[in-house]
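A.B. asks: Input file: coords11.csv. Contents: CSV, N, CA and C atoms.
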chain,number,residue,atom,x,y,z
A,261,MET,N,28.1,3.3,-4.1
A,261,MET,CA,27.5,2.2,-3.4
A,261,MET,C,28.6,1.1,-3.3
A,262,ALA,N,28.7,0.5,-2.2
A,262,ALA,CA,29.7,-0.5,-1.9
A,262,ALA,C,29.4,-1.8,-2.8
A,263,GLY,N,30.4,-2.3,-3.4
A,263,GLY,CA,30.3,-3.5,-4.1
A,263,GLY,C,29.7,-3.4,-5.5
A,264,VAL,N,29.3,-2.2,-6.0
A,264,VAL,CA,28.8,-2.0,-7.3
A,264,VAL,C,29.8,-1.4,-8.2
A,265,GLU,N,30.1,-2.0,-9.3
A,265,GLU,CA,31.1,-1.5,-10.2
A,265,GLU,C,30.4,-1.0,-11.5
A,266,TRP,N,30.9,0.1,-12.0
A,266,TRP,CA,30.3,0.6,-13.3
A,266,TRP,C,31.1,0.0,-14.4
A,267,THR,N,30.4,-0.9,-15.1
A,267,THR,CA,31.0,-1.6,-16.2
A,267,THR,C,30.7,-0.8,-17.5
A,268,GLY,N,31.2,-1.2,-18.6
A,268,GLY,CA,30.9,-0.6,-19.9
A,268,GLY,C,29.4,-0.6,-20.2
A,269,ARG,N,28.8,-1.7,-19.8
A,269,ARG,CA,27.4,-1.8,-20.1
A,269,ARG,C,26.6,-0.8,-19.3
A,270,GLY,N,26.9,-0.6,-18.0
A,270,GLY,CA,26.2,0.4,-17.2
A,270,GLY,C,26.3,1.8,-17.8
A,271,VAL,N,27.5,2.1,-18.3
A,271,VAL,CA,27.8,3.4,-18.9
A,271,VAL,C,26.9,3.6,-20.1
A,272,LYS,N,26.8,2.5,-20.9
A,272,LYS,CA,26.0,2.6,-22.1
A,272,LYS,C,24.5,2.8,-21.8
A,273,VAL,N,24.1,2.2,-20.8
A,273,VAL,CA,22.6,2.4,-20.4
A,273,VAL,C,22.4,3.8,-20.0
A,274,VAL,N,23.3,4.4,-19.2
A,274,VAL,CA,23.1,5.8,-18.8
A,274,VAL,C,23.2,6.7,-20.0
A,275,GLY,N,24.1,6.4,-20.9
A,275,GLY,CA,24.3,7.2,-22.1
A,275,GLY,C,23.0,7.2,-23.0
A,276,ARG,N,22.4,6.0,-23.1
A,276,ARG,CA,21.2,5.8,-23.9
A,276,ARG,C,20.1,6.6,-23.2
A,277,PHE,N,20.0,6.5,-21.9
A,277,PHE,CA,18.9,7.2,-21.2
A,277,PHE,C,19.1,8.7,-21.4
A,278,LEU,N,20.3,9.2,-21.3
A,278,LEU,CA,20.5,10.7,-21.5
A,278,LEU,C,20.2,11.1,-22.9
A,279,ARG,N,20.5,10.3,-23.9
A,279,ARG,CA,20.2,10.6,-25.3
A,279,ARG,C,18.6,10.6,-25.4
A,280,PHE,N,18.0,9.7,-24.8
A,280,PHE,CA,16.5,9.6,-24.8
A,280,PHE,C,15.9,10.9,-24.3
A,281,LEU,N,16.5,11.4,-23.1
A,281,LEU,CA,15.9,12.6,-22.5
A,281,LEU,C,16.2,13.8,-23.4
A,282,ARG,N,17.3,13.9,-24.1
A,282,ARG,CA,17.6,15.0,-25.1
A,282,ARG,C,16.6,14.9,-26.2
A,283,GLU,N,16.3,13.7,-26.7
A,283,GLU,CA,15.4,13.6,-27.8
A,283,GLU,C,14.0,14.0,-27.4
A,284,VAL,N,13.6,13.6,-26.2
A,284,VAL,CA,12.3,14.0,-25.7
A,284,VAL,C,12.2,15.5,-25.6
A,285,ARG,N,13.2,16.2,-25.1
A,285,ARG,CA,13.2,17.6,-25.1
A,285,ARG,C,13.0,18.3,-26.4
A,286,GLU,N,13.7,17.7,-27.4
A,286,GLU,CA,13.6,18.2,-28.8
A,286,GLU,C,12.2,18.0,-29.4
A,287,GLU,N,11.6,16.8,-29.1
A,287,GLU,CA,10.2,16.6,-29.5
A,287,GLU,C,9.2,17.5,-28.9
A,288,ILE,N,9.4,17.8,-27.6
A,288,ILE,CA,8.5,18.7,-26.9
A,288,ILE,C,8.5,20.1,-27.5
A,289,LYS,N,9.6,20.5,-28.0
A,289,LYS,CA,9.7,21.8,-28.7
A,289,LYS,C,8.9,21.8,-30.0
A,290,LEU,N,8.6,20.6,-30.6
A,290,LEU,CA,7.9,20.6,-31.8
A,290,LEU,C,6.3,20.5,-31.6
A,291,VAL,N,5.9,20.3,-30.4
A,291,VAL,CA,4.5,20.1,-30.1
A,291,VAL,C,3.8,21.4,-30.3
A,292,SER,N,2.6,21.3,-30.9
A,292,SER,CA,1.7,22.4,-31.2
A,292,SER,C,0.8,22.6,-29.9
A,293,TRP,N,1.1,23.5,-29.0
A,293,TRP,CA,0.4,23.6,-27.8
A,293,TRP,C,-0.9,24.4,-28.1
A,294,PRO,N,-2.0,24.1,-27.4
A,294,PRO,CA,-3.3,24.8,-27.6
A,294,PRO,C,-3.2,26.2,-27.0
A,295,THR,N,-4.0,27.1,-27.5
A,295,THR,CA,-4.0,28.5,-26.9
A,295,THR,C,-4.9,28.4,-25.6
A,296,ARG,N,-4.8,29.4,-24.8
A,296,ARG,CA,-5.6,29.5,-23.6
A,296,ARG,C,-7.1,29.4,-24.0
A,297,GLU,N,-7.5,30.1,-25.1
A,297,GLU,CA,-8.9,30.1,-25.5
A,297,GLU,C,-9.4,28.7,-25.8
A,298,GLU,N,-8.5,27.9,-26.5
A,298,GLU,CA,-8.9,26.6,-26.9
A,298,GLU,C,-9.0,25.7,-25.7
A,299,VAL,N,-8.2,25.8,-24.7
A,299,VAL,CA,-8.2,25.0,-23.5
A,299,VAL,C,-9.5,25.4,-22.7
A,300,VAL,N,-9.8,26.7,-22.6
A,300,VAL,CA,-11.0,27.1,-21.9
A,300,VAL,C,-12.3,26.6,-22.6
A,301,GLY,N,-12.3,26.7,-23.9
A,301,GLY,CA,-13.4,26.2,-24.7
A,301,GLY,C,-13.6,24.7,-24.5
A,302,ALA,N,-12.5,23.9,-24.6
A,302,ALA,CA,-12.6,22.5,-24.4
A,302,ALA,C,-13.1,22.1,-23.0
A,303,ALA,N,-12.6,22.8,-22.0
A,303,ALA,CA,-13.0,22.6,-20.6
A,303,ALA,C,-14.5,22.9,-20.5
A,304,LEU,N,-15.0,23.9,-21.1
A,304,LEU,CA,-16.4,24.3,-21.0
A,304,LEU,C,-17.2,23.2,-21.7
A,305,VAL,N,-16.8,22.7,-22.8
A,305,VAL,CA,-17.6,21.6,-23.5
A,305,VAL,C,-17.7,20.4,-22.6
A,306,VAL,N,-16.5,20.1,-21.9
A,306,VAL,CA,-16.5,18.9,-21.0
A,306,VAL,C,-17.5,19.1,-19.9
A,307,CYS,N,-17.4,20.3,-19.3
A,307,CYS,CA,-18.3,20.6,-18.1
A,307,CYS,C,-19.7,20.6,-18.5
A,308,VAL,N,-20.1,21.1,-19.6
A,308,VAL,CA,-21.5,21.1,-20.0
A,308,VAL,C,-21.9,19.7,-20.3
A,309,GLY,N,-21.1,18.9,-21.0
A,309,GLY,CA,-21.4,17.5,-21.3
A,309,GLY,C,-21.6,16.7,-20.0
A,310,VAL,N,-20.8,16.9,-19.0
A,310,VAL,CA,-20.9,16.2,-17.7
A,310,VAL,C,-22.2,16.6,-17.0
A,311,LEU,N,-22.6,17.9,-17.1
A,311,LEU,CA,-23.8,18.4,-16.5
A,311,LEU,C,-25.0,17.8,-17.2
A,312,VAL,N,-25.0,17.7,-18.5
A,312,VAL,CA,-26.1,17.1,-19.3
A,312,VAL,C,-26.3,15.7,-18.9
A,313,LEU,N,-25.2,14.9,-18.9
A,313,LEU,CA,-25.2,13.5,-18.6
A,313,LEU,C,-25.7,13.3,-17.2
A,314,THR,N,-25.3,14.1,-16.2
A,314,THR,CA,-25.7,14.0,-14.8
A,314,THR,C,-27.2,14.2,-14.7
A,315,VAL,N,-27.8,15.2,-15.4
A,315,VAL,CA,-29.2,15.4,-15.4
A,315,VAL,C,-29.9,14.2,-16.0
A,316,PHE,N,-29.4,13.7,-17.1
A,316,PHE,CA,-30.0,12.6,-17.9
A,316,PHE,C,-30.1,11.4,-17.0
A,317,ILE,N,-28.9,11.0,-16.4
A,317,ILE,CA,-28.9,9.8,-15.6
A,317,ILE,C,-29.7,10.0,-14.3
A,318,SER,N,-29.7,11.2,-13.7
A,318,SER,CA,-30.5,11.4,-12.5
A,318,SER,C,-32.0,11.3,-12.8
A,319,ALA,N,-32.4,11.8,-14.0
A,319,ALA,CA,-33.8,11.7,-14.4
A,319,ALA,C,-34.2,10.2,-14.6
A,320,TRP,N,-33.4,9.4,-15.3
A,320,TRP,CA,-33.7,8.0,-15.4
A,320,TRP,C,-33.7,7.3,-14.1
A,321,ASP,N,-32.8,7.6,-13.2
A,321,ASP,CA,-32.7,6.9,-11.9
A,321,ASP,C,-34.0,7.2,-11.1
A,322,PHE,N,-34.4,8.5,-11.2
A,322,PHE,CA,-35.6,8.9,-10.4
A,322,PHE,C,-36.8,8.2,-11.0
A,323,ALA,N,-36.9,8.1,-12.4
A,323,ALA,CA,-38.1,7.5,-13.0
A,323,ALA,C,-38.1,6.0,-12.7
A,324,LEU,N,-37.0,5.3,-12.8
A,324,LEU,CA,-37.0,3.9,-12.6
A,324,LEU,C,-37.2,3.6,-11.1
A,325,SER,N,-36.7,4.5,-10.2
A,325,SER,CA,-36.9,4.3,-8.8
A,325,SER,C,-38.4,4.4,-8.5
A,326,LYS,N,-39.1,5.4,-9.0
A,326,LYS,CA,-40.5,5.6,-8.8
A,326,LYS,C,-41.3,4.4,-9.4
A,327,THR,N,-40.9,3.9,-10.5
A,327,THR,CA,-41.6,2.8,-11.2
A,327,THR,C,-41.4,1.5,-10.3
A,328,ALA,N,-40.2,1.3,-9.8
A,328,ALA,CA,-40.0,0.1,-8.9
A,328,ALA,C,-40.8,0.2,-7.7
A,329,GLN,N,-41.0,1.4,-7.1
A,329,GLN,CA,-41.8,1.6,-5.9
A,329,GLN,C,-43.2,1.3,-6.2
A,330,LEU,N,-43.7,1.7,-7.3
A,330,LEU,CA,-45.1,1.4,-7.6
A,330,LEU,C,-45.4,-0.1,-7.9
A,331,VAL,N,-44.4,-0.7,-8.5
A,331,VAL,CA,-44.6,-2.1,-8.9
A,331,VAL,C,-44.5,-3.0,-7.6
A,332,LEU,N,-43.6,-2.6,-6.7
A,332,LEU,CA,-43.3,-3.4,-5.5
A,332,LEU,C,-44.3,-3.1,-4.3
A,333,ARG,N,-45.3,-2.2,-4.5
A,333,ARG,CA,-46.3,-2.0,-3.5
A,333,ARG,C,-47.3,-3.0,-3.4
Take the structure in the file and write it out as structure tokens.
C.D. replies:
Amino acid sequence: MAGVEWTGRGVKVVGRFLRFLREVREEIKLVSWPTREEVVGAALVVCVGVLVLTVFISAWDFALSKTAQLVLR
């Protein structure tokens, strides 16, 4: 880039960033990743929970809607 000089400070920032990326890569290697079965099981639990909540909220909405209609007649 025209007019931009790389000073010692700029080089230090780039060096620190590259060291950070290397350290991140090393930490990622230490992560205990879930198995496919664990991920599928957790996804199933979430889907069932969403379904149950959807039915529950829909039932309350229907009941309150009908109650409001009766009251406002």
A.B. asks: Rounded to one decimal place, report the atom N of Ser292 in chain A-CA of Arg276 in chain A distance in Å.
C.D. replies: 25.2 Å
A.B. asks: State, in Å with one decimal place, the distance from atom N of Leu313 in chain A to atom N of Gly301 in chain A.
C.D. replies: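 Rounded to one decimal, the two atoms are 18.2 Å apart.
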A.B. asks: Atom C of Pro294 in chain A to CA of Cys307 in chain A: how many Å, to one decimal?
C.D. replies: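 Computed distance, atom C of Pro294 in chain A to CA of Cys307 in chain A, equals 18.4 Å.
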A.B. asks: So that I can check the secondary structure, give me every residue of chain A assigned helix (DSSP H, G or I) by backbone DSSP, as a PyMOL selection string.
C.D. replies: chain A and resi 268-290+296-332
